[in-house]
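Student: Structure in structure tokens, see below.
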Amino acid sequence: MPDNMHHQWLLLAACFWVIFMFMVASKFITLTFKDPDGYGVRQESLILTAVTKVEEVHVPEEKHWSEEFQPTGKAFSGNLIRQPLVHMERLELLRNICRDTALRDLSHTAVSKFVLDRIFVCDKHKILFCQTPKVGNTQWKKVLIVLNGAFSSIEEIPENIVHDHEKNGLPRLSSFSDSEIKKRLNLYFKFFIVRDPFERLISAFKDKFVHNPRFEPWYRHEIAPGIIRKYRKNRTETKGLQFEDFVRYLGDPNHRWLDVQFGDHIIHWVTYVELCAPCEITYSVIGHHETLEDDAPYILKAAGIDHLVSYPTIPPGITVYNRTKVERYFSGISKRDIRRLYARFEGDFKLFGYREPDFLLN
């Protein structure tokens with residue numbers, strides 16, 4: 001009998017031990033796999049790893065930069081943590097459209113002197129900036145002027161100096177020899193800014209033919225009359241250049257006849273393709289005017305100059321796409337003329353991810 005009792009107690013103790021170990025194991029499993037904080041930690045680690053990898057990716061056909069020319073690899077914070085992915089997507093879209101043979105005539109251009117004249121050089125920090133007028137370029141030129149050492153701060157730069165290329169200290173890429181041009185295109189950090197193509201045309205029209213804030217009489221007294229003579233339907237109309245005249249000129253497949261007469265003044269409304277040759281030159285970053293609040297700091301950081309200069313303060317709402325304004329300007333334009341205009345700028349819409357306007361689809 002004592003032996004039986006002894007065995008029963010041992011059996012009971014063993015059962016209790018098994019139950020206890022099961023409870024401990026169960027608790028461990030719960031803490032390991034169901035703790036939301038633990039999941040968050042692992043998730044954050046994945047995000048940081050992804051960002052690090054994006055920063056190290058090089059654009060195809062671009063030579064690997066030496067350490068001297070590498071953009072800074074600082075950690076991103078806030079909205080900037082998503083920026084590398086955004087810019088990779090933009091560059092990938094650009095490459096895909098550049099390969100589309102159906103759009104070749106709208107996406108490719110020769111790297112001519114006209115293009116090289118648009119690209120400003122900062123040798124001190126190994127930066128190339130392609131000018132795309134009516135997209136906030138004045139502010140970027142101020143940044144480069146400071147970096148080149150002509151002025152110590154953006155606030156000190158007189159407005160009349162910014163666009164005076166004999167005094168602002170900004171050399172154009174076209175001023176270098178062929179070998180020097182090639183070296184800079186291969187090694188320097190390169191960027192430009194775009195905005196909705198139709199909204200940019202509205203901005204150019206208002207700035208040069210309506211408000212004309214700087215003293216540039218040739219737009220009203222030479223270019224406007226030339227467009228009116230060729231494209232105005234109502235010859236009895238005596239008003240100055242109207243947006244309808246401007247659209248008809250830009251959408252004309254034979255517009256180059258007038259472009260030659262207008263010279264370099266056409267930079268305010270020709271396509272981004274004609275200005276910067278994005279399918280021929282491998283750019284490091286393409287900023288968007290609509291997201292400039294995020295893109296400007298990212299560009300400065302990627303170029304390794306964020307500790308030297310800041311982009312000027314952006315007034316609230318100034319970069320937001322104004323759909324109402326665009327629709328209002330195009331409301332009086334015939335569908336035929338709008339379609340012809342879109343046909344010319346389709347490359348810009350497709351290359352940089354802008355939607356075809358809704359009023360063109362109706």
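To be explicit about the labels: the chains of the structure tokens are called A, B, and onward in the order shown, and within each one the residues are counted from 1, while ligands get numbers from 1 in the order they are shown.
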Find the residues around segment 163-171 of chain A up to 6 Å (only C-alpha atoms counted), leave out those fewer than 6 positions away in its own chain, and share them as a list of chain:residue names.

Tutor: A:Phe120, A:Val121, A:Ala150

Student: Go ahead and write the selection's residues with N, CA, C and O atoms as a PDB file, in the first residue's frame.

Tutor:
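Below is the file selection_36.pdb, written as the result:
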ATOM      1  N   PHE A 120      23.309  74.851 -65.836  1.00  0.00           N
ATOM      2  CA  PHE A 120      24.242  75.674 -65.076  1.00  0.00           C
ATOM      3  C   PHE A 120      25.142  74.790 -64.217  1.00  0.00           C
ATOM      4  O   PHE A 120      24.719  73.737 -63.723  1.00  0.00           O
ATOM      5  N   VAL A 121      26.376  75.248 -64.036  1.00  0.00           N
ATOM      6  CA  VAL A 121      27.419  74.424 -63.428  1.00  0.00           C
ATOM      7  C   VAL A 121      27.877  75.000 -62.096  1.00  0.00           C
ATOM      8  O   VAL A 121      28.120  76.202 -61.966  1.00  0.00           O
ATOM      9  N   ALA A 150      29.599  83.603 -55.186  1.00  0.00           N
ATOM     10  CA  ALA A 150      29.411  84.987 -55.635  1.00  0.00           C
ATOM     11  C   ALA A 150      28.788  85.847 -54.542  1.00  0.00           C
ATOM     12  O   ALA A 150      29.065  87.044 -54.443  1.00  0.00           O
TER      13      ALA A 150
END

Student: Among the residues of segment 129-278 of chain A, find those DSSP assigns to helix (DSSP H, G or I) from the backbone and print them as a ChimeraX atom specification.

Tutor: /A:137-147,154-156,159-162,173-175,178-187,197-211,217-231,243-251,256-268,272-276

Student: Write down as a PyMOL selection string the residues of segment 73-179 of chain A whose backbone DSSP state falls under strand (DSSP E or B).

Tutor: chain A and resi 119-122+127-130+172

Student: Would you mind listing, for every residue of segment 155-215 of chain A within 6 Å of segment 279-289 of chain A, the two atoms forming the shortest contact and the distance between them in Å to one decimal, using only C-alpha atoms, sorted by chain and ascending residue number, as a Markdown table?

Tutor:
| residue | atom | partner | partner_atom | distance |
| --- | --- | --- | --- | --- |
| A:Phe189 | CA | A:Ser284 | CA | 5.9 |
| A:Lys190 | CA | A:Tyr283 | CA | 5.0 |
| A:Phe191 | CA | A:Val285 | CA | 4.9 |
| A:Phe192 | CA | A:Ile286 | CA | 5.4 |
| A:Ile193 | CA | A:Gly287 | CA | 4.5 |
| A:Val194 | CA | A:His288 | CA | 5.0 |
| A:Arg195 | CA | A:His289 | CA | 5.0 |

Student: Keeping only N, CA and C atoms, take the residues you just selected and write them out as a JSON list (two decimals), in the first residue's frame.

Tutor:
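Listing of part26.json after writing:
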[["chain", "number", "residue", "atom", "x", "y", "z"],
["A", 189, "PHE", "N", 26.39, 65.53, -59.92],
["A", 189, "PHE", "CA", 24.99, 65.39, -59.51],
["A", 189, "PHE", "C", 24.15, 66.29, -60.42],
["A", 190, "LYS", "N", 23.11, 65.72, -61.04],
["A", 190, "LYS", "CA", 22.33, 66.44, -62.05],
["A", 190, "LYS", "C", 20.85, 66.43, -61.69],
["A", 191, "PHE", "N", 20.20, 67.58, -61.79],
["A", 191, "PHE", "CA", 18.76, 67.60, -61.47],
["A", 191, "PHE", "C", 18.06, 68.72, -62.22],
["A", 192, "PHE", "N", 16.74, 68.60, -62.30],
["A", 192, "PHE", "CA", 15.89, 69.70, -62.78],
["A", 192, "PHE", "C", 14.50, 69.52, -62.18],
["A", 193, "ILE", "N", 13.65, 70.52, -62.36],
["A", 193, "ILE", "CA", 12.32, 70.54, -61.75],
["A", 193, "ILE", "C", 11.27, 70.63, -62.85],
["A", 194, "VAL", "N", 10.14, 69.92, -62.67],
["A", 194, "VAL", "CA", 9.03, 69.99, -63.62],
["A", 194, "VAL", "C", 7.75, 70.34, -62.87],
["A", 195, "ARG", "N", 6.73, 70.71, -63.63],
["A", 195, "ARG", "CA", 5.39, 70.90, -63.08],
["A", 195, "ARG", "C", 4.39, 70.51, -64.16]]

Student: Using only C-alpha atoms, find the one residue out of A:Glu293, A:Gly226, A:Gly347, A:Arg235 that sits nearest to Gln261 of chain A.

Tutor: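 Using only C-alpha atoms, Gln261 of chain A sits closest to A:Gly226.
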
Student: Might you pull out every residue within 10 Å of segment 253-255 of chain A, with only C-alpha atoms counted and same-chain residues fewer than 2 positions away left off, and present them as a VMD selection string?

Tutor: chain A and resid 227 248 to 251 257 to 260 340 to 341 343 to 344

Student: What's the 8 Å shell around Trp269 of chain A, counting only C-alpha atoms, without same-chain residues fewer than 4 positions away, as a PDB file with C-alpha atoms, in the first residue's frame?

Tutor:
ATOM      1  CA  PRO A 133      11.559  78.326 -66.721  1.00  0.00           C
ATOM      2  CA  ARG A 200       3.401  75.901 -66.760  1.00  0.00           C
ATOM      3  CA  LEU A 201       2.173  77.302 -70.101  1.00  0.00           C
ATOM      4  CA  ALA A 204       4.485  81.623 -68.979  1.00  0.00           C
TER       5      ALA A 204
END
